[in-house]
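S.K.: If it helps, the file is called my_file-v9.txt and holds compact mmCIF, C-alpha atoms and all ligand atoms:
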# COMPACT_ATOMS: atom_id res chain seq x y z
CA MET Q 1 53.34 -123.92 114.10
CA PHE Q 2 52.28 -123.16 117.66
CA LYS Q 3 48.75 -122.01 116.80
CA ARG Q 4 47.08 -124.60 119.03
CA ILE Q 5 49.11 -123.70 122.10
CA LEU Q 6 49.37 -119.92 121.83
CA LYS Q 7 47.39 -119.51 125.04
CA ASP Q 8 49.83 -121.76 126.90
CA LEU Q 9 52.80 -119.88 125.50
CA LYS Q 10 51.40 -116.65 126.89
CA GLU Q 11 51.50 -118.03 130.42
CA ILE Q 12 55.21 -118.94 130.35
CA LYS Q 13 57.77 -116.60 131.88
CA THR Q 14 59.81 -114.95 129.13
CA PRO Q 15 62.33 -115.17 127.63
CA TYR Q 16 62.35 -118.87 126.79
CA TYR Q 17 63.39 -121.23 124.02
CA ILE Q 18 60.81 -123.45 122.40
CA TYR Q 19 61.47 -126.25 119.92
CA ASP Q 20 59.17 -128.14 117.58
CA SER Q 21 60.34 -131.76 117.36
CA ARG Q 22 58.44 -132.31 114.10
CA VAL Q 23 60.83 -129.98 112.27
CA ILE Q 24 63.85 -132.03 113.37
CA GLU Q 25 62.14 -135.25 112.31
CA LYS Q 26 61.32 -133.79 108.89
CA ARG Q 27 64.86 -132.59 108.30
CA ALA Q 28 66.26 -135.97 109.37
CA GLU Q 29 63.92 -137.66 106.91
CA ILE Q 30 65.18 -135.46 104.07
CA LEU Q 31 68.76 -136.42 104.90
CA ARG Q 32 67.95 -140.10 105.19
CA ASP Q 33 66.00 -140.11 101.91
CA ASN Q 34 68.93 -138.57 100.07
CA PHE Q 35 71.92 -140.24 101.66
CA SER Q 36 71.26 -143.22 103.87
CA ASP Q 37 71.99 -145.94 101.30
CA PHE Q 38 75.63 -144.87 101.09
CA ALA Q 39 76.21 -142.52 104.03
CA ASP Q 40 76.14 -142.43 107.83
CA LEU Q 41 74.75 -139.33 109.46
CA PHE Q 42 76.16 -137.54 112.50
CA PHE Q 43 74.71 -134.53 114.29
CA ALA Q 44 77.13 -131.71 115.12
CA VAL Q 45 76.30 -131.50 118.81
CA LYS Q 46 77.75 -127.99 119.07
CA ALA Q 47 74.59 -126.79 117.34
CA ASN Q 48 72.37 -127.95 120.18
CA THR Q 49 73.40 -129.78 123.34
CA SER Q 50 70.03 -130.12 125.02
CA ILE Q 51 69.54 -133.76 125.94
CA SER Q 52 65.88 -133.85 124.88
CA ILE Q 53 66.91 -132.62 121.43
CA LEU Q 54 69.74 -135.16 121.25
CA LYS Q 55 67.26 -137.91 122.13
CA ILE Q 56 65.15 -136.90 119.11
CA ILE Q 57 68.28 -137.03 116.97
CA LYS Q 58 69.16 -140.45 118.35
CA GLY Q 59 65.63 -141.62 117.58
CA GLN Q 60 66.32 -140.73 113.95
CA ASP Q 61 69.28 -143.11 113.93
CA ILE Q 62 71.78 -140.26 113.69
CA GLY Q 63 75.08 -140.38 115.57
CA ALA Q 64 76.97 -137.52 117.20
CA GLU Q 65 79.88 -135.40 116.03
CA VAL Q 66 81.46 -133.94 119.17
CA VAL Q 67 84.40 -131.61 119.78
CA SER Q 68 85.18 -131.91 123.49
CA PRO Q 69 84.88 -134.21 126.50
CA GLY Q 70 81.95 -132.01 127.54
CA GLU Q 71 80.07 -132.85 124.35
CA ILE Q 72 81.05 -136.52 124.70
CA PHE Q 73 79.59 -136.51 128.22
CA ILE Q 74 76.34 -134.95 127.02
CA ALA Q 75 76.04 -137.22 123.97
CA LEU Q 76 76.51 -140.32 126.13
CA LYS Q 77 74.01 -138.99 128.70
CA SER Q 78 71.47 -138.65 125.91
CA GLY Q 79 71.89 -142.34 125.15
CA ILE Q 80 73.93 -142.08 121.94
CA ALA Q 81 76.18 -145.15 121.81
CA PRO Q 82 79.98 -144.59 121.78
CA GLU Q 83 80.14 -146.50 118.48
CA LYS Q 84 78.05 -143.73 116.95
CA ILE Q 85 80.25 -140.90 118.20
CA LEU Q 86 82.86 -139.13 116.12
CA TYR Q 87 85.26 -136.88 118.05
CA ASP Q 88 86.63 -134.01 115.93
CA SER Q 89 89.05 -131.48 117.33
CA LEU Q 90 91.50 -128.90 116.07
CA ALA Q 91 93.82 -129.79 118.94
CA ARG Q 92 93.46 -131.91 122.07
CA LYS Q 93 95.22 -132.33 125.36
CA GLU Q 94 96.25 -135.80 126.48
CA GLU Q 95 93.58 -135.89 129.18
CA GLU Q 96 90.89 -135.13 126.58
CA ILE Q 97 92.01 -138.00 124.39
CA GLU Q 98 92.16 -140.30 127.42
CA TYR Q 99 88.61 -139.37 128.39
CA ALA Q 100 87.39 -140.25 124.90
CA ILE Q 101 89.34 -143.51 124.79
CA ASP Q 102 88.14 -144.51 128.27
CA ASN Q 103 84.61 -143.96 127.02
CA ARG Q 104 85.28 -146.13 123.97
CA ILE Q 105 84.53 -143.38 121.43
CA GLU Q 106 84.60 -145.01 118.00
CA PHE Q 107 86.03 -142.36 115.64
CA PHE Q 108 88.54 -139.53 116.00
CA ASN Q 109 89.87 -137.01 113.56
CA PHE Q 110 93.22 -135.22 113.71
CA GLU Q 111 94.19 -131.96 112.08
CA SER Q 112 97.96 -131.76 112.42
CA LEU Q 113 100.94 -134.10 112.33
CA ASP Q 114 101.82 -133.47 115.98
CA GLN Q 115 98.23 -134.16 117.00
CA ALA Q 116 98.31 -137.43 115.07
CA VAL Q 117 101.40 -138.53 116.98
CA LEU Q 118 99.82 -137.56 120.31
CA LEU Q 119 96.67 -139.49 119.43
CA ASP Q 120 98.68 -142.55 118.45
CA ASN Q 121 100.72 -142.42 121.68
CA CYS Q 122 97.64 -142.08 123.88
CA ALA Q 123 95.96 -145.01 122.12
CA LYS Q 124 99.14 -147.08 122.48
CA ASN Q 125 99.28 -146.34 126.23
CA SER Q 126 95.70 -147.46 126.63
CA LYS Q 127 96.44 -150.62 124.61
CA LEU Q 128 93.49 -149.93 122.33
CA LYS Q 129 93.35 -149.45 118.58
CA ILE Q 130 91.42 -146.39 117.48
CA LYS Q 131 89.94 -145.39 114.15
CA ALA Q 132 90.96 -141.99 112.86
CA PHE Q 133 90.28 -139.57 110.03
CA VAL Q 134 92.75 -137.05 108.79
CA ARG Q 135 91.17 -133.64 108.26
CA MET Q 136 92.55 -131.91 105.20
CA ASN Q 137 92.29 -128.25 104.34
CA PRO Q 138 91.11 -128.08 100.71
CA GLY Q 139 92.02 -124.39 100.41
CA ILE Q 140 88.72 -123.11 99.10
CA PHE Q 141 86.64 -120.16 100.25
CA PRO Q 142 82.90 -120.93 100.18
CA LYS Q 143 80.56 -117.98 100.04
CA THR Q 144 79.65 -117.56 103.68
CA HIS Q 145 80.56 -115.33 106.62
CA SER Q 146 84.35 -115.29 107.01
CA HIS Q 147 84.01 -116.61 110.59
CA LEU Q 148 82.28 -119.69 109.16
CA SER Q 149 84.63 -120.39 106.27
CA THR Q 150 86.76 -123.25 107.58
CA GLY Q 151 88.00 -124.66 104.28
CA SER Q 152 90.11 -121.71 103.17
CA SER Q 153 93.88 -121.98 103.17
CA TRP Q 154 94.04 -119.12 105.69
CA SER Q 155 91.82 -120.95 108.17
CA LYS Q 156 93.36 -122.79 111.12
CA PHE Q 157 91.60 -126.06 110.29
CA GLY Q 158 92.99 -129.19 108.70
CA ILE Q 159 96.31 -130.24 107.20
CA ALA Q 160 97.47 -128.44 104.06
CA LEU Q 161 97.42 -130.59 100.90
CA ARG Q 162 101.13 -129.88 100.34
CA ASP Q 163 101.89 -131.81 103.58
CA LEU Q 164 100.53 -135.13 102.29
CA ASP Q 165 103.95 -136.80 101.99
CA LYS Q 166 104.91 -135.79 105.51
CA LEU Q 167 101.58 -137.12 106.69
CA TYR Q 168 102.17 -140.45 105.01
CA ASP Q 169 105.61 -140.73 106.63
CA ILE Q 170 103.94 -140.52 110.01
CA ALA Q 171 100.85 -142.54 109.17
CA LYS Q 172 102.79 -145.56 107.91
CA ASP Q 173 104.31 -145.95 111.37
CA PHE Q 174 101.13 -145.56 113.38
CA LYS Q 175 101.08 -148.16 116.16
CA SER Q 176 97.58 -147.79 117.49
CA ILE Q 177 95.76 -145.64 114.98
CA GLU Q 178 93.95 -147.26 112.10
CA LEU Q 179 93.69 -144.49 109.50
CA VAL Q 180 90.21 -145.19 108.20
CA GLY Q 181 89.33 -142.05 106.35
CA VAL Q 182 89.79 -138.56 105.01
CA HIS Q 183 87.80 -135.67 106.45
CA TYR Q 184 87.09 -132.08 105.59
CA HIS Q 185 84.51 -129.48 106.56
CA ILE Q 186 84.60 -126.39 104.39
CA GLY Q 187 82.24 -124.14 106.27
CA SER Q 188 78.82 -123.48 107.67
CA GLN Q 189 75.60 -121.91 106.39
CA LEU Q 190 76.31 -122.76 102.75
CA LEU Q 191 73.32 -122.35 100.46
CA THR Q 192 74.70 -123.67 97.16
CA PRO Q 193 76.43 -126.95 96.22
CA GLU Q 194 79.30 -125.43 94.19
CA PRO Q 195 81.80 -125.09 97.06
CA TYR Q 196 81.22 -128.75 97.93
CA PHE Q 197 81.99 -129.81 94.35
CA GLU Q 198 85.12 -127.68 94.35
CA ALA Q 199 86.34 -129.11 97.66
CA LEU Q 200 85.61 -132.63 96.57
CA LYS Q 201 87.79 -132.25 93.48
CA LYS Q 202 90.70 -131.24 95.68
CA ILE Q 203 90.14 -133.96 98.22
CA GLU Q 204 89.76 -136.83 95.77
CA SER Q 205 93.48 -136.61 95.09
CA THR Q 206 94.10 -137.20 98.81
CA VAL Q 207 91.94 -140.29 98.83
CA GLU Q 208 93.74 -141.54 95.70
CA PHE Q 209 97.11 -140.78 97.29
CA PHE Q 210 96.33 -143.01 100.28
CA ILE Q 211 94.88 -145.77 98.16
CA GLU Q 212 98.01 -145.77 95.94
CA LYS Q 213 100.12 -146.04 99.07
CA GLY Q 214 98.19 -149.14 100.05
CA LEU Q 215 96.21 -147.65 102.95
CA LYS Q 216 92.71 -149.05 103.24
CA ILE Q 217 90.45 -146.00 103.29
CA LYS Q 218 86.98 -147.02 104.44
CA TYR Q 219 85.23 -143.70 104.85
CA VAL Q 220 85.21 -140.16 103.51
CA ASN Q 221 83.81 -137.59 105.91
CA LEU Q 222 82.47 -134.69 103.86
CA GLY Q 223 81.58 -132.50 106.86
CA GLY Q 224 78.46 -130.42 107.38
CA GLY Q 225 77.46 -126.90 106.49
CA PHE Q 226 74.05 -127.18 104.81
CA GLY Q 227 72.44 -123.75 105.27
CA ILE Q 228 68.92 -122.65 106.11
CA PRO Q 229 66.91 -119.59 105.05
CA TYR Q 230 67.40 -116.98 107.76
CA LYS Q 231 66.18 -114.29 105.34
CA LYS Q 232 63.03 -114.55 103.22
CA GLU Q 233 64.97 -114.36 99.96
CA GLU Q 234 67.27 -117.25 100.94
CA LYS Q 235 66.54 -120.88 100.05
CA ARG Q 236 67.34 -123.83 102.29
CA PHE Q 237 70.29 -125.90 101.05
CA GLU Q 238 68.99 -128.63 98.78
CA PRO Q 239 70.74 -131.90 99.79
CA GLY Q 240 69.45 -133.55 96.60
CA ASN Q 241 71.99 -131.45 94.67
CA LEU Q 242 74.85 -133.37 96.25
CA LYS Q 243 73.30 -136.80 96.35
CA GLU Q 244 74.53 -138.21 93.04
CA THR Q 245 78.05 -136.81 93.35
CA TYR Q 246 78.37 -138.18 96.87
CA ARG Q 247 76.99 -141.54 95.78
CA GLU Q 248 79.58 -141.66 92.97
CA ILE Q 249 82.40 -140.97 95.42
CA SER Q 250 81.18 -143.78 97.61
CA GLY Q 251 81.04 -146.19 94.67
CA LYS Q 252 84.28 -145.09 93.01
CA TYR Q 253 86.46 -145.64 96.08
CA GLY Q 254 84.39 -148.29 97.82
CA VAL Q 255 83.95 -146.05 100.86
CA ARG Q 256 81.05 -145.13 103.07
CA VAL Q 257 80.38 -141.39 103.24
CA PHE Q 258 80.02 -139.60 106.59
CA LEU Q 259 78.06 -136.38 106.91
CA GLU Q 260 78.07 -134.25 110.06
CA LEU Q 261 75.28 -131.70 109.98
CA GLY Q 262 74.20 -129.34 112.70
CA ARG Q 263 72.23 -126.33 111.59
CA PHE Q 264 70.22 -128.10 108.86
CA LEU Q 265 68.74 -130.52 111.39
CA VAL Q 266 67.80 -128.16 114.21
CA ALA Q 267 68.00 -124.44 113.38
CA GLU Q 268 64.45 -124.09 112.12
CA SER Q 269 63.00 -126.13 114.99
CA GLY Q 270 63.84 -123.51 117.64
CA PHE Q 271 62.45 -120.13 118.62
CA ILE Q 272 62.85 -117.59 121.38
CA ILE Q 273 59.74 -116.04 122.85
CA THR Q 274 60.42 -112.62 124.27
CA LYS Q 275 58.45 -109.71 125.70
CA VAL Q 276 58.55 -106.01 124.89
CA LEU Q 277 59.86 -104.17 127.95
CA ASP Q 278 60.04 -100.66 126.61
CA VAL Q 279 59.27 -98.57 123.55
CA LYS Q 280 61.43 -95.65 122.45
CA ASP Q 281 61.58 -93.40 119.44
CA ARG Q 282 64.95 -93.01 117.75
CA GLU Q 283 64.95 -90.42 114.99
CA GLY Q 284 61.39 -91.29 114.02
CA ILE Q 285 61.91 -95.06 114.13
CA PRO Q 286 60.28 -97.10 116.90
CA LEU Q 287 62.80 -98.99 118.99
CA TYR Q 288 61.51 -101.96 120.98
CA VAL Q 289 63.53 -103.15 123.95
CA VAL Q 290 62.79 -106.83 124.59
CA ASP Q 291 63.75 -109.11 127.48
CA SER Q 292 65.98 -111.37 125.36
CA GLY Q 293 69.27 -110.27 123.87
CA MET Q 294 72.77 -111.21 122.83
CA ASN Q 295 73.08 -113.27 126.01
CA ASP Q 296 70.38 -115.67 124.73
CA ASN Q 297 71.22 -115.39 121.03
CA PRO Q 298 74.64 -113.90 120.25
CA ARG Q 299 74.44 -114.62 116.50
CA PRO Q 300 73.37 -111.10 115.40
CA ALA Q 301 76.17 -109.54 117.47
CA ILE Q 302 78.86 -111.98 116.33
CA TYR Q 303 77.97 -112.65 112.68
CA ASP Q 304 75.60 -109.80 111.93
CA ALA Q 305 73.07 -112.61 111.47
CA TYR Q 306 69.43 -111.92 110.69
CA HIS Q 307 66.78 -113.72 112.77
CA HIS Q 308 63.26 -113.02 111.65
CA ILE Q 309 61.01 -111.53 114.34
CA GLU Q 310 57.21 -111.25 114.41
CA PRO Q 311 54.57 -110.60 117.04
CA LEU Q 312 53.54 -113.95 118.57
CA PHE Q 313 49.90 -112.88 118.34
CA GLU Q 314 48.84 -111.35 115.05
CA LYS Q 315 48.43 -107.57 115.33
CA SER Q 316 46.54 -105.28 113.03
CA GLY Q 317 47.86 -101.98 111.77
CA ASP Q 318 50.42 -100.88 109.25
CA LYS Q 319 53.85 -102.38 109.47
CA ILE Q 320 56.66 -99.89 109.67
CA LYS Q 321 60.41 -100.12 109.94
CA SER Q 322 61.26 -100.72 113.60
CA ARG Q 323 64.30 -101.74 115.58
CA VAL Q 324 64.41 -104.60 118.10
CA VAL Q 325 67.12 -104.51 120.73
CA GLY Q 326 67.93 -106.55 123.85
CA PRO Q 327 68.42 -105.27 127.39
CA ILE Q 328 72.20 -105.83 127.55
CA CYS Q 329 74.53 -102.89 128.13
CA GLU Q 330 76.05 -102.89 124.64
CA ASN Q 331 75.05 -101.28 121.37
CA SER Q 332 75.77 -104.58 119.61
CA ASP Q 333 72.85 -106.10 121.50
CA GLU Q 334 70.49 -105.42 118.63
CA PHE Q 335 68.56 -108.01 116.61
CA GLY Q 336 68.12 -105.63 113.69
CA ALA Q 337 65.49 -103.71 111.74
CA TYR Q 338 62.11 -105.29 111.01
CA GLU Q 339 58.79 -104.32 109.47
CA LEU Q 340 56.49 -104.45 112.50
CA PRO Q 341 53.04 -103.22 113.46
CA SER Q 342 52.94 -100.82 116.36
CA LEU Q 343 53.80 -102.72 119.57
CA LYS Q 344 53.26 -101.90 123.18
CA ILE Q 345 54.90 -102.89 126.43
CA GLY Q 346 54.00 -106.49 127.32
CA ASP Q 347 53.53 -107.69 123.72
CA LEU Q 348 55.15 -111.02 122.94
CA LEU Q 349 57.48 -111.54 119.98
CA ILE Q 350 58.78 -114.72 118.40
CA ILE Q 351 62.38 -114.91 117.16
CA TYR Q 352 62.90 -117.50 114.41
CA ASN Q 353 65.64 -120.02 113.66
CA CYS Q 354 67.00 -120.26 117.19
CA GLY Q 355 67.43 -124.06 117.28
CA ALA Q 356 71.10 -124.10 116.26
CA TYR Q 357 74.05 -122.24 117.76
CA THR Q 358 71.79 -120.21 119.98
CA ARG Q 359 71.29 -121.86 123.38
CA THR Q 360 74.74 -123.44 122.97
CA MET Q 361 76.35 -120.02 122.55
CA ALA Q 362 74.28 -118.27 125.24
CA SER Q 363 76.00 -116.72 128.22
CA ASN Q 364 75.39 -115.19 131.62
CA TYR Q 365 76.64 -111.81 130.43
CA ASN Q 366 75.22 -108.97 132.48
CA GLY Q 367 74.22 -111.54 135.11
CA ARG Q 368 71.35 -112.75 132.96
CA LEU Q 369 70.04 -116.23 133.72
CA LEU Q 370 69.94 -118.87 130.98
CA PRO Q 371 66.28 -119.20 129.93
CA ALA Q 372 64.10 -122.28 130.26
CA GLU Q 373 63.56 -124.57 127.27
CA TYR Q 374 60.31 -126.12 126.07
CA LEU Q 375 59.56 -128.82 123.53
CA TYR Q 376 56.37 -129.21 121.51
CA ASP Q 377 55.59 -132.28 119.42
CA GLY Q 378 52.30 -131.22 117.89
CA HIS Q 379 50.33 -132.59 120.86
CA GLU Q 380 52.13 -131.97 124.08
CA LEU Q 381 54.11 -128.98 125.32
CA ARG Q 382 56.65 -129.78 128.00
CA GLN Q 383 59.47 -128.06 129.79
CA ILE Q 384 62.79 -129.75 129.02
CA ARG Q 385 65.05 -127.46 131.04
CA GLU Q 386 64.32 -125.11 133.90
CA ARG Q 387 65.37 -121.53 133.86
CA GLN Q 388 68.76 -121.17 135.54
CA LYS Q 389 68.59 -120.06 139.18
CA LEU Q 390 70.47 -117.14 140.69
CA GLU Q 391 72.71 -119.59 142.58
CA GLY Q 392 73.80 -120.89 139.16
CA LEU Q 393 75.68 -117.64 138.68
CA ILE Q 394 78.11 -118.43 141.51
CA THR Q 395 78.44 -122.22 141.23
CA ASN Q 396 82.08 -123.27 141.67
CA GLU Q 397 83.07 -119.99 143.28
CA LYS Q 398 85.06 -120.31 146.52
CA LEU Q 399 83.28 -118.00 148.91
N1 LIG K 401 81.69 -130.51 111.27
C1 LIG K 401 82.63 -129.70 111.76
C2 LIG K 401 84.01 -130.17 111.82
C3 LIG K 401 82.28 -128.42 112.22
O1 LIG K 401 83.22 -127.61 112.70
C4 LIG K 401 80.94 -128.00 112.12
C5 LIG K 401 80.54 -126.66 112.57
C6 LIG K 401 79.98 -128.89 111.62
C7 LIG K 401 80.40 -130.14 111.18
C8 LIG K 401 78.52 -128.56 111.50
O2 LIG K 401 78.29 -127.47 110.68
P1 LIG K 401 76.76 -127.09 110.29
O3 LIG K 401 76.18 -128.27 109.57
O4 LIG K 401 76.03 -126.81 111.56
O5 LIG K 401 76.92 -125.88 109.46
N2 LIG K 401 78.36 -120.66 115.52
C9 LIG K 401 78.19 -120.56 114.10
C10 LIG K 401 78.40 -121.88 113.41
C11 LIG K 401 79.76 -122.49 113.67
C12 LIG K 401 79.93 -123.84 113.01
C13 LIG K 401 81.12 -124.51 113.56
N3 LIG K 401 81.38 -125.80 112.99
C14 LIG K 401 76.83 -119.94 113.80
O6 LIG K 401 76.10 -119.57 114.72
O7 LIG K 401 76.46 -119.77 112.62
Would you mind writing the structure in this file as structure tokens?

M.R.:
Amino acid sequence: MFKRILKDLKEIKTPYYIYDSRVIEKRAEILRDNFSDFADLFFAVKANTSISILKIIKGQDIGAEVVSPGEIFIALKSGIAPEKILYDSLARKEEEIEYAIDNRIEFFNFESLDQAVLLDNCAKNSKLKIKAFVRMNPGIFPKTHSHLSTGSSWSKFGIALRDLDKLYDIAKDFKSIELVGVHYHIGSQLLTPEPYFEALKKIESTVEFFIEKGLKIKYVNLGGGFGIPYKKEEKRFEPGNLKETYREISGKYGVRVFLELGRFLVAESGFIITKVLDVKDREGIPLYVVDSGMNDNPRPAIYDAYHHIEPLFEKSGDKIKSRVVGPICENSDEFGAYELPSLKIGDLLIIYNCGAYTRTMASNYNGRLLPAEYLYDGHELRQIRERQKLEGLITNEKL
């Protein structure tokens, strides 16, 4: 992927993130090919908030799914029009709703009856009508990490199906909300279509319920969650498996489908380049300490996630089981075990699948500075964000 610019990569101060825009464009094309005749696509901005990445997404005619005023601000800065922004949130404060309304955000969801009332009141005060989705909890447990399973009845997300009547009682008196659709998002990093089929069965009854009550449902937002192969034996989610079922839903109820994908679009476009700082032996197994850790990519520490690691420059020699750890003062700061050739201090490694939920979840833990970001488009390599400066660590402090 970076073969032509390996020499340039060697000159850059590590650790850093690097993205390949061609991957994002390819993934967007797959989604468009499968869904665009009956669906609108939104990018879950929480996966990657870098403006240069959002501009690529915008160029693919994909809108933004945001979850906070901060993400609204960034999406607007990247040039995504407010009419293409969908603001989801488990629970909002008045000021957050006002910020979104002032910025003319087109779509909102709500996930509880009290939140629906708050949303309606805020819209009424601003004398604007807003379009809203109700997020339902379908009560299914897709096969994924429990932290990422948002459709189960135990999860905090959405309104329980048994509360539909109560919801209707409130919705029929909305003053400033136009209830345009039903929403659910069952989880993230799903590799098979079955959980989507299961959720859909449960949610169809909700759509039918509203239609019977005379509410004009225009959209069904079927969430995101398409997974990618972090491990060799995993297969990327195949959107084609959902295409016909989703098309049928669209036709059957006369609705446009919304999809809000994060990981599928960007995860495989991003990498971290890191340098070996030290080599130790732990009970006969080489342990490589690198200059990037859970501060730059917390996914292994939080979800026990696997991110493939290889030497950036091919190395000869037998590969043996080795451990790769970061420099942070915690045992959990470990990427995992890998088959690696013998490495020495100064060698560069590439960490795969760091385009989603990596930079956006990074932190300054241990006083580490947020790394620079670079973008490659097959021709040109350019820096899209500078490395954070030391002063960045004390911004907003009253000294
Ligand atoms: N829609 C809603 C309402 C969501 O909450 C999410 C993700 C998405 C769409 C996009 O899901 P995706 O297509 O990216 O799977 N930090 C975790 C992932 C958390 C996902 C949160 N919600 C990770 O690193 O795996």

S.K.: Which residue is closest to ligand LIG 401 (chain K)? Choose from Q:Thr245, Q:Asn109, Q:Gln189, Q:Ser126 and count all atoms listed in the file.

M.R.: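 Closest residue, counting all atoms listed in the file: Q:Gln189.
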
S.K.: Using all atoms listed in the file, which residues of range 229-341 of chain Q come within 8 Å of range 222-225 of chain Q, and what is the closest atom pair for each, with the distance in Å to one decimal? Give it as JSON lines, sorted by chain and residue number.

M.R.:
{"residue": "Q:Val257", "atom": "CA", "partner": "Q:Leu222", "partner_atom": "CA", "distance": 7.0}
{"residue": "Q:Phe258", "atom": "CA", "partner": "Q:Leu222", "partner_atom": "CA", "distance": 6.1}
{"residue": "Q:Leu259", "atom": "CA", "partner": "Q:Gly223", "partner_atom": "CA", "distance": 5.2}
{"residue": "Q:Glu260", "atom": "CA", "partner": "Q:Gly224", "partner_atom": "CA", "distance": 4.7}
{"residue": "Q:Leu261", "atom": "CA", "partner": "Q:Gly224", "partner_atom": "CA", "distance": 4.3}
{"residue": "Q:Gly262", "atom": "CA", "partner": "Q:Gly224", "partner_atom": "CA", "distance": 6.9}
{"residue": "Q:Arg263", "atom": "CA", "partner": "Q:Gly225", "partner_atom": "CA", "distance": 7.3}
{"residue": "Q:Phe264", "atom": "CA", "partner": "Q:Gly225", "partner_atom": "CA", "distance": 7.7}

S.K.: Using C-alpha atoms, can you write the selected residues to a file as a compact mmCIF listing (two decimals), in the frame of the given file?

M.R.:
# COMPACT_ATOMS: atom_id res chain seq x y z
CA VAL Q 257 80.38 -141.39 103.24
CA PHE Q 258 80.02 -139.60 106.59
CA LEU Q 259 78.06 -136.38 106.91
CA GLU Q 260 78.07 -134.25 110.06
CA LEU Q 261 75.28 -131.70 109.98
CA GLY Q 262 74.20 -129.34 112.70
CA ARG Q 263 72.23 -126.33 111.59
CA PHE Q 264 70.22 -128.10 108.86

S.K.: For CA of Ala47 in chain Q and atom N1 of ligand LIG 401 (chain K), determine how far apart the two atoms are, in Å to one decimal place.

M.R.: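 Result for CA of Ala47 in chain Q versus atom N1 of ligand LIG 401 (chain K): 10.1 Å, one decimal.
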
S.K.: Would you compute an axis-aligned box for ligand LIG 401 (chain K), covering every atom listed for it in the file with 6 Å of margin on each side, and report centre and edge lengths in Å to one decimal as JSON?

M.R.:
{"center_x": 80.0, "center_y": -125.0, "center_z": 112.5, "size_x": 20.0, "size_y": 22.9, "size_z": 18.1}

S.K.: Using only C-alpha atoms, find all polymer residues with an atom at most 6 Å away from the point (69.3, -118.5, 131.5); report them as a list in words.

M.R.: Leu369, Leu370, Pro371, Arg387 and Gln388 of chain Q

S.K.: Give me the residues within 12 Å of Lys243 in chain Q as a PDB file with C-alpha atoms, in the frame of the given file, counting only C-alpha atoms and dropping any in the same chain fewer than 3 places off.

M.R.:
ATOM      1  CA  ILE Q  30      65.180-135.460 104.070  1.00  0.00           C
ATOM      2  CA  LEU Q  31      68.760-136.420 104.900  1.00  0.00           C
ATOM      3  CA  ARG Q  32      67.950-140.100 105.190  1.00  0.00           C
ATOM      4  CA  ASP Q  33      66.000-140.110 101.910  1.00  0.00           C
ATOM      5  CA  ASN Q  34      68.930-138.570 100.070  1.00  0.00           C
ATOM      6  CA  PHE Q  35      71.920-140.240 101.660  1.00  0.00           C
ATOM      7  CA  SER Q  36      71.260-143.220 103.870  1.00  0.00           C
ATOM      8  CA  ASP Q  37      71.990-145.940 101.300  1.00  0.00           C
ATOM      9  CA  PHE Q  38      75.630-144.870 101.090  1.00  0.00           C
ATOM     10  CA  ALA Q  39      76.210-142.520 104.030  1.00  0.00           C
ATOM     11  CA  PRO Q 193      76.430-126.950  96.220  1.00  0.00           C
ATOM     12  CA  TYR Q 196      81.220-128.750  97.930  1.00  0.00           C
ATOM     13  CA  PHE Q 197      81.990-129.810  94.350  1.00  0.00           C
ATOM     14  CA  GLU Q 238      68.990-128.630  98.780  1.00  0.00           C
ATOM     15  CA  PRO Q 239      70.740-131.900  99.790  1.00  0.00           C
ATOM     16  CA  GLY Q 240      69.450-133.550  96.600  1.00  0.00           C
ATOM     17  CA  TYR Q 246      78.370-138.180  96.870  1.00  0.00           C
ATOM     18  CA  ARG Q 247      76.990-141.540  95.780  1.00  0.00           C
ATOM     19  CA  GLU Q 248      79.580-141.660  92.970  1.00  0.00           C
ATOM     20  CA  ILE Q 249      82.400-140.970  95.420  1.00  0.00           C
ATOM     21  CA  SER Q 250      81.180-143.780  97.610  1.00  0.00           C
ATOM     22  CA  VAL Q 257      80.380-141.390 103.240  1.00  0.00           C
ATOM     23  CA  LEU Q 259      78.060-136.380 106.910  1.00  0.00           C
TER      24      LEU Q 259
END

S.K.: Could you check which of Q:Glu198, Q:Asp40, Q:Glu29, Q:Glu65 is closest to ligand LIG 401 (chain K), using only C-alpha atoms and all ligand atoms?

M.R.: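 Between Q:Glu198, Q:Asp40, Q:Glu29, Q:Glu65, the residue approaching ligand LIG 401 (chain K) most closely is Q:Glu65.
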
S.K.: Do you know which residues are at most 10 Å from Leu375 in chain Q counting only C-alpha atoms, after dropping those on the same chain fewer than 3 positions away, and could you put them as a list in words?

M.R.: Tyr17, Ile18, Tyr19, Asp20, Ser21, Ser52, Ile53, Ser269, Gly270, Gly378, Glu380, Leu381, Arg382, Gln383, Ile384 and Arg385 of chain Q

S.K.: What's the 10 Å shell around range 72-80 of chain Q, counting all atoms listed in the file, without same-chain residues fewer than 4 positions away, as a list in words?

M.R.: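 Once the adjacent positions are removed, what remains is Val45, Thr49, Ser50, Ile51, Ser52, Ile53, Leu54, Lys55, Ile56, Ile57, Lys58, Gly59, Asp61, Ile62, Gly63, Ala64, Glu65, Val66, Val67, Ser68, Lys84, Ile85, Leu86, Tyr87, Tyr99, Ala100, Asn103 and Ile105 of chain Q.
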